[in-house]
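In what follows, a single structure is set out as structure tokens and then discussed.
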Amino acid sequence: MRAVFALCFVLLGLAVILGQFRPRRLRALATFCLALATVLTWWVSLTPPTDRPWAPDVARQVTGSLDGSVLRLEDVRNFTWRSPQDFDVQWEQRSYDLDQLQTVDLFMSYWSGKAIAHMIVSFGFAGGDHIAWSVEVRRQIGGGFSPVADMFKTNTLAIVAADERDVVGTRTNARGEDVQLYRIRVTPEKARALLLQYVDAANRLAQRPQWYNSLFTNCTTVVFQMIRTIVDEVPLDWRVMANGYLPEYSFDAGVLDSRLSLSELIEKGQISPRAQAYGLGPDFSAVIRDGVPAPLQD
């Protein structure tokens, strides 16, 4: 049906172009403008769906609540991945003491060259616990991700909170992507503010779905908007769109370890070989951080 309507609109456009060489060219142009206005009205009226046969890994939307310093999360994903198609489904309820929040780490997963990457932000607590957050496409069963199609209200947005063995491990081990880890220079207070921004965004998304957009509402732009609410000045940069260069942007902004060069940080942050050698064991988070330098805090 979509193809039929698209073809009819193309034929109408061609007819209008030919009509410009005929006496009634203004009538032809007015007809096209009316048709275009109708399409735009329909386009604006499209609302994100709330109930679809979602793919298993984005079937639930995490939500959270705060009780004093204790953050309680519902529907935390903790899948066991053997391959992108072979996995065990597990959703959990977890609690975290925000007074024990210590670190923020950035994972960059490169799946299509060096210009485009998927961004994951993970929060670390005393005792070694981590909770990783990923802004993803909420695909339907049998659907996929398309940078072009997802600029035109094809898929909705999902915010996933997950165990690192799940959301990072599926990329390092199950998919074999080039994943890099960067330790972020941030105070516990700002780390807490950013984590609560994730929780607030997830709660709002659970109440009101939002379209995913490859350019304006993706994994990087959503996080960029969050950071701007807690940091005084975050200049807009082309590397936010070509997010594969986000480590370079972060290095220039002074949030990575300045004792080493960017090339050294990239080399030490290559975690996929270690993850693949170790596997998705219980010490996954500690193993992938071995040798990755953490910046000095203020």
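Following the order of the structure tokens, first chain is A, next is B, and so on, with residues numbered from 1 inside each chain and ligands from 1 in the order they appear.
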Tell me, as a VMD selection string, which residues lie within 10 Å of stretch 32-47 of chain A, counting only C-alpha atoms; anything in the same chain fewer than 6 positions away does not count. chain A and resid 9 12 to 13 15 to 17 26 152 to 153 156 208 to 211
Could you save the residues just selected, with C-alpha atoms, as an mmCIF file, in the first residue's frame?
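That gives us again-v6.cif:
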data_model
loop_
_atom_site.group_PDB
_atom_site.id
_atom_site.type_symbol
_atom_site.label_atom_id
_atom_site.label_comp_id
_atom_site.auth_asym_id
_atom_site.auth_seq_id
_atom_site.Cartn_x
_atom_site.Cartn_y
_atom_site.Cartn_z
ATOM 1 C CA PHE A 9 2.677 10.765 -5.771
ATOM 2 C CA LEU A 12 1.530 13.226 -9.935
ATOM 3 C CA GLY A 13 4.814 15.129 -9.646
ATOM 4 C CA ALA A 15 2.413 15.132 -14.478
ATOM 5 C CA VAL A 16 2.764 18.552 -12.832
ATOM 6 C CA ILE A 17 6.213 19.029 -14.394
ATOM 7 C CA LEU A 26 -1.077 27.150 -12.492
ATOM 8 C CA PHE A 152 11.017 8.910 8.534
ATOM 9 C CA LYS A 153 9.082 7.621 11.562
ATOM 10 C CA THR A 156 10.408 4.216 18.012
ATOM 11 C CA ARG A 208 4.842 8.657 26.078
ATOM 12 C CA PRO A 209 6.648 6.856 23.227
ATOM 13 C CA GLN A 210 8.900 8.837 20.908
ATOM 14 C CA TRP A 211 10.059 8.300 17.336
#
Set the distance at 7 Å and use only C-alpha atoms: which residues neighbour stretch 174-178 of chain A once local chain neighbours fewer than 5 positions away are removed? I'd like the list as a list in words. Trp81, Arg82, Ser83, Pro84, Ser109, Tyr110, Trp111, Gly169 and Ser272 of chain A
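Within 12 Å of A:Gln90, once only C-alpha atoms are used and residues closer than 4 positions along the same chain are dropped, the contacting residues are Pro56, Asp57, Val58, Ala59, Arg60, Asp75, Val76, Arg77, Asn78, Phe79, Thr80, Trp81, Ala162, Asp163 and Asp166 of chain A.
A straight line drawn from atom CA of A:Val89 to atom CA of A:Arg192 is 28.9 Å long.
Shortest atom-to-atom contact with A:Thr103 among A:Gly279, A:Pro295, A:Gly143, A:Pro273: A:Pro295, counting only C-alpha atoms.
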